[in-house]
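Q: Sending over a structure as structure tokens; questions will come in a sec.
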Amino acid sequence: MQPFSSHTGIAAPLLKDDINTDQIAPIMHSRSLKEDYKAMLFHRARHREDGSEDPDFVLNRPQFRAAGILVTGQNFGAGSSRESAVWSMLANDIRVIVAKSFADIYRENCLQNGVLPVVLGPQDADAFIARVVAADGAAPFTIDLVTQRISGPGGPDIAFEIAAADRTRLLEGLDDIGMTLKHMDDIVGWESRAAAVQPWLQTTQDSR
Amino acid sequence: MPTTRPRTLFDKIWDFHCVGQRADGRDLLYIDRHVLHELHAHHAFAQLQKQQRKVHRPDLTFAVQDHTVATRPGRDDDTNPSGTAFIKAMREGCRNNGIRLFDIDDPEQGISHVVAPELGIVLPGATHAVPDSHASTVGGLGALAFGCGTSELAHILVTQVMALKRPKRMRVRLDGALGPHVNAKDVALRLIAELGVAGARGYVVEYGGAAACAMPIEQRMTLCNLNIEMGGRSGFVAPDEATFAWLAGRPFGPQGAQWDRALAYWRTLRSDDEATFDREVVLDCASLEPQITWGTDPSQVVGISGRVPDAAAVDPSRRAAAESAFAYMGLEPGTALAGLPVNRVFIGSCTNSRLPDLETAAAVVRGRRVAAGVVAMVVPGSSSVKREAEAAGLDHVFRDAGFFWGESGCSMCAGGNGDRGQPGERCVSTTNRNFENRQGPKVRTHLASPATAAATAIAGRITDVRQLLAGAA
């Protein structure tokens, strides 16, 4: 996983609540094992019915085409567990999502991929959104995970909270599996204890 | 002797399965049963190969082809061309890693959330993970199940644990007895309407109360299946004698003396009387009528006798979403749901495709015909369900009425196998998500129970099943 310490980039406002993974990463009509995740991101919203780009969709507007920060509302990433909804962000160089809240599985998928999910409280979120809208892509914002601050045009820095463990994992780009493998002895020990007290859990024989 | 503090059933299962705590403070939760499907599997297998890591417990891991498989009779790998590569890649990965696969032509293939319980792969008090958000369907058996992403899937393959933060606890008490032709689907939709699509975010939900206890196991699965639609991390019903009777004799479950021992343990699986929950919700189910969604998220629900709400009646924070839903669904505020003409009806998905779901629908359909111009489909949740339904003659009931009777899979739930509606079509569906474009571009989805879906197919309009059946009497 690529580490994340700080990102400076254009912030694009996508100001809706409950944006779901069907919207973020729709199931494409013809799919393959090597999907075009760049094209997948908000594919339906980005295009009109005739297949041409919808110039009004925020990420199609010239000032937001290279946005690296997505700013959105409540419960971002609701719906299915598809990780393509995060991979498609990365494929478009979006490294930070600032939301009022995230769906649980989506947030986990962000942490697995070095995408920083920032949650702001209602007041900070509204203040930040106003500044992002006012900036209109003309000047970048910086999201610094080391100092846990957002800085940019239109006002003072905004502090944000993130669990210390999640912060460390992103800063160091820690390999999630590698962290757990350090506990393999515990896992194997648990298995032998479970086999003694609930043996049916440690076996899956077809009795037929 | 130290007194133990009262604990919820969730806490008991979690504590038992907690292997330890990682340096980052996350609990390592042992996963007793892990089931893969083809949309995620190949990514994880490729990752393992690249990192030269092995599957720790292939014997506790299963795989099912479900999301992309065609439902047309006589299907094979290539019937849905956009699924072929996924199906083959999972097959190869399972072979290389020694994982039991229920392949497209396996007599026990089906939707993972249907197959795992019916084979006794999932058990009460067990932990379960699937790279699919509807994993908690198996909570109907009293299992603690988590949906996960692809990276987490790879993590479980290598370590057999998930690294999780301990969720909060919610108890939902379902009071009263359900009226005729009202079932778990209606209860769940009402609950999502009351709590909202993020109302259970961060929580594991224990469903209890008279209505939950009275539900047959398959309905409990429907209830737990829809837990994610209010954002819940997991959801379950504590196991009881009905659960144990349902599980007895299932092939992958314990047998003989082992069964007796398991049963004695399972009978202890309940929340302590004094245990506290972070949130308690009560829903009176006694006066509940069949429910149906009118909008584009599963919380936009009314009773079957209800009307599309006025924007002014919607909570201000949800008003923009409602207005967008009116436009997408082609509905004016104030429109009665009952009577709206439909183009399509779909009965299936991990939400409502088990044998009793099909029996309920068949009881409505028997001796009737699908209305002219309506495309109606039934897709059983597993090949076993399909066989059992055929043994009972249900396929004839549906086919004679004009329904398509398909091979099992996820089908029109997300349309990942090519089963989709046409733009502008209105579809009543027993699935779990009415998101825009999910069942095909511009398709307008109304979520409802199998009984409501069946009645709607017959009438050609959204229909209160109670009125359809009363009219016939």
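Simple scheme: letters A, B, ... for chains in structure tokens order, numbers from 1 for residues in each chain, numbers from 1 for ligands in the order shown.
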Please return, as number ranges by chain, all residues of region 15-97 of chain A that DSSP assigns to helix (DSSP H, G or I) on the basis of the backbone.
A: A: 21-24, 37-40, 43-46, 58-60, 62-64, 84-91
Q: Keeping C-alpha atoms, export the residues of the selection given above as a PDB file, in the first residue's frame.
A:
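And here is the file that came out, result_33.pdb:
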```
ATOM      1  CA  THR A  21     -21.054   2.243  -4.539  1.00  0.00           C
ATOM      2  CA  ASP A  22     -23.370   1.561  -7.491  1.00  0.00           C
ATOM      3  CA  GLN A  23     -22.956   5.238  -8.316  1.00  0.00           C
ATOM      4  CA  ILE A  24     -19.227   5.409  -7.568  1.00  0.00           C
ATOM      5  CA  TYR A  37     -11.036   1.738 -13.053  1.00  0.00           C
ATOM      6  CA  LYS A  38     -10.285   5.236 -14.292  1.00  0.00           C
ATOM      7  CA  ALA A  39     -13.243   5.109 -16.652  1.00  0.00           C
ATOM      8  CA  MET A  40     -15.418   3.364 -14.080  1.00  0.00           C
ATOM      9  CA  HIS A  43     -19.323   6.400 -15.066  1.00  0.00           C
ATOM     10  CA  ARG A  44     -23.073   6.956 -15.293  1.00  0.00           C
ATOM     11  CA  ALA A  45     -23.057  10.398 -13.737  1.00  0.00           C
ATOM     12  CA  ARG A  46     -20.171  11.470 -15.978  1.00  0.00           C
ATOM     13  CA  VAL A  58     -18.382  18.152 -11.202  1.00  0.00           C
ATOM     14  CA  LEU A  59     -15.439  15.949 -12.151  1.00  0.00           C
ATOM     15  CA  ASN A  60     -15.945  16.813 -15.833  1.00  0.00           C
ATOM     16  CA  PRO A  62     -12.346  21.858 -16.399  1.00  0.00           C
ATOM     17  CA  GLN A  63     -11.281  23.156 -12.979  1.00  0.00           C
ATOM     18  CA  PHE A  64     -11.977  19.794 -11.292  1.00  0.00           C
ATOM     19  CA  SER A  84     -13.536  -1.064  -7.107  1.00  0.00           C
ATOM     20  CA  ALA A  85     -15.333   1.917  -5.557  1.00  0.00           C
ATOM     21  CA  VAL A  86     -11.988   2.818  -3.954  1.00  0.00           C
ATOM     22  CA  TRP A  87      -9.712   1.563  -6.734  1.00  0.00           C
ATOM     23  CA  SER A  88     -11.549   3.870  -9.140  1.00  0.00           C
ATOM     24  CA  MET A  89     -10.692   6.828  -6.876  1.00  0.00           C
ATOM     25  CA  LEU A  90      -7.007   5.872  -6.927  1.00  0.00           C
ATOM     26  CA  ALA A  91      -7.080   5.392 -10.690  1.00  0.00           C
TER      27      ALA A  91
END
```
Q: Write out as a PyMOL selection string each polymer residue whose atoms come within 6 Å of region 372-376 of chain B, counting only C-alpha atoms; drop sequence neighbours fewer than 3 positions from it.
A: chain B and resi 343-346+403
Q: Write out as a list in words each polymer residue whose atoms come within 12 Å of Gly137 (chain A), counting only C-alpha atoms; drop sequence neighbours fewer than 6 positions from it.
A: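 Once the nearby chain positions are removed, what remains is Gly9, Ile10, Ala11, Ala12, Pro13, Val58, Leu59, Arg61, Pro62, Gln63, Phe64, Arg65, Ala66, Ala67, Gly68, Ile69, Leu70, Arg131, Gly152 and Pro153 of chain A.
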Q: Under the rule that only C-alpha atoms are counted, which of A:Cys110, A:Val98, A:Leu120, A:Ile158 is the nearest residue to chain B?
A: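 The shortest atom-to-atom distance to chain B comes from A:Cys110.
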Q: Would you kindly return, as a ChimeraX atom specification, each protein, DNA or RNA residue with an atom no farther than 7 Å from any atom of region 22-38 of chain B, considering only C-alpha atoms and excluding same-chain residues fewer than 2 positions away?
A: /A:165,180,201 /B:17-20,40-42,60-67,86-87,90,112,122,126-131,160-165
Q: Print the selection's residues with C-alpha atoms to a file, as a PDB file, in the first residue's frame.
A:
```pdb
ATOM      1  CA  ALA A 165      -3.990   3.416  14.570  1.00  0.00           C
ATOM      2  CA  THR A 180      -1.614  -9.671  11.392  1.00  0.00           C
ATOM      3  CA  LEU A 201     -16.111 -24.985  14.307  1.00  0.00           C
TER       4      LEU A 201
ATOM      5  CA  HIS B  17     -13.470 -15.462  18.671  1.00  0.00           C
ATOM      6  CA  CYS B  18     -11.091 -12.671  19.630  1.00  0.00           C
ATOM      7  CA  VAL B  19      -7.636 -14.104  19.039  1.00  0.00           C
ATOM      8  CA  GLY B  20      -5.836 -11.041  20.315  1.00  0.00           C
ATOM      9  CA  HIS B  40     -13.756 -10.653  -5.759  1.00  0.00           C
ATOM     10  CA  ALA B  41     -11.930 -13.981  -5.719  1.00  0.00           C
ATOM     11  CA  HIS B  42      -9.556 -13.513  -8.627  1.00  0.00           C
ATOM     12  CA  LEU B  60     -12.772 -23.543   6.305  1.00  0.00           C
ATOM     13  CA  THR B  61     -13.056 -21.716   2.989  1.00  0.00           C
ATOM     14  CA  PHE B  62     -15.683 -22.233   0.301  1.00  0.00           C
ATOM     15  CA  ALA B  63     -16.446 -20.584  -3.007  1.00  0.00           C
ATOM     16  CA  VAL B  64     -19.658 -20.186  -4.981  1.00  0.00           C
ATOM     17  CA  GLN B  65     -20.232 -18.864  -8.490  1.00  0.00           C
ATOM     18  CA  ASP B  66     -23.207 -16.561  -8.054  1.00  0.00           C
ATOM     19  CA  HIS B  67     -22.886 -12.927  -9.142  1.00  0.00           C
ATOM     20  CA  PHE B  86     -14.417 -14.281 -13.489  1.00  0.00           C
ATOM     21  CA  ILE B  87     -15.912 -17.761 -13.342  1.00  0.00           C
ATOM     22  CA  MET B  90     -12.152 -18.381  -9.451  1.00  0.00           C
ATOM     23  CA  SER B 112     -23.527 -17.850  -1.262  1.00  0.00           C
ATOM     24  CA  VAL B 122     -22.713 -21.723   8.750  1.00  0.00           C
ATOM     25  CA  ALA B 126     -20.018 -19.060  14.411  1.00  0.00           C
ATOM     26  CA  THR B 127     -18.331 -16.166  12.671  1.00  0.00           C
ATOM     27  CA  HIS B 128     -18.669 -15.861   8.946  1.00  0.00           C
ATOM     28  CA  ALA B 129     -17.286 -13.566   6.262  1.00  0.00           C
ATOM     29  CA  VAL B 130     -18.156 -13.028   2.617  1.00  0.00           C
ATOM     30  CA  PRO B 131     -16.872 -10.328   0.281  1.00  0.00           C
ATOM     31  CA  GLN B 160      -8.292 -16.666   8.922  1.00  0.00           C
ATOM     32  CA  VAL B 161      -8.984 -13.542  10.991  1.00  0.00           C
ATOM     33  CA  MET B 162     -10.442 -10.106  10.353  1.00  0.00           C
ATOM     34  CA  ALA B 163      -8.853  -7.063  11.988  1.00  0.00           C
ATOM     35  CA  LEU B 164     -11.835  -5.130  13.285  1.00  0.00           C
ATOM     36  CA  LYS B 165     -12.801  -2.418  15.673  1.00  0.00           C
TER      37      LYS B 165
END
```
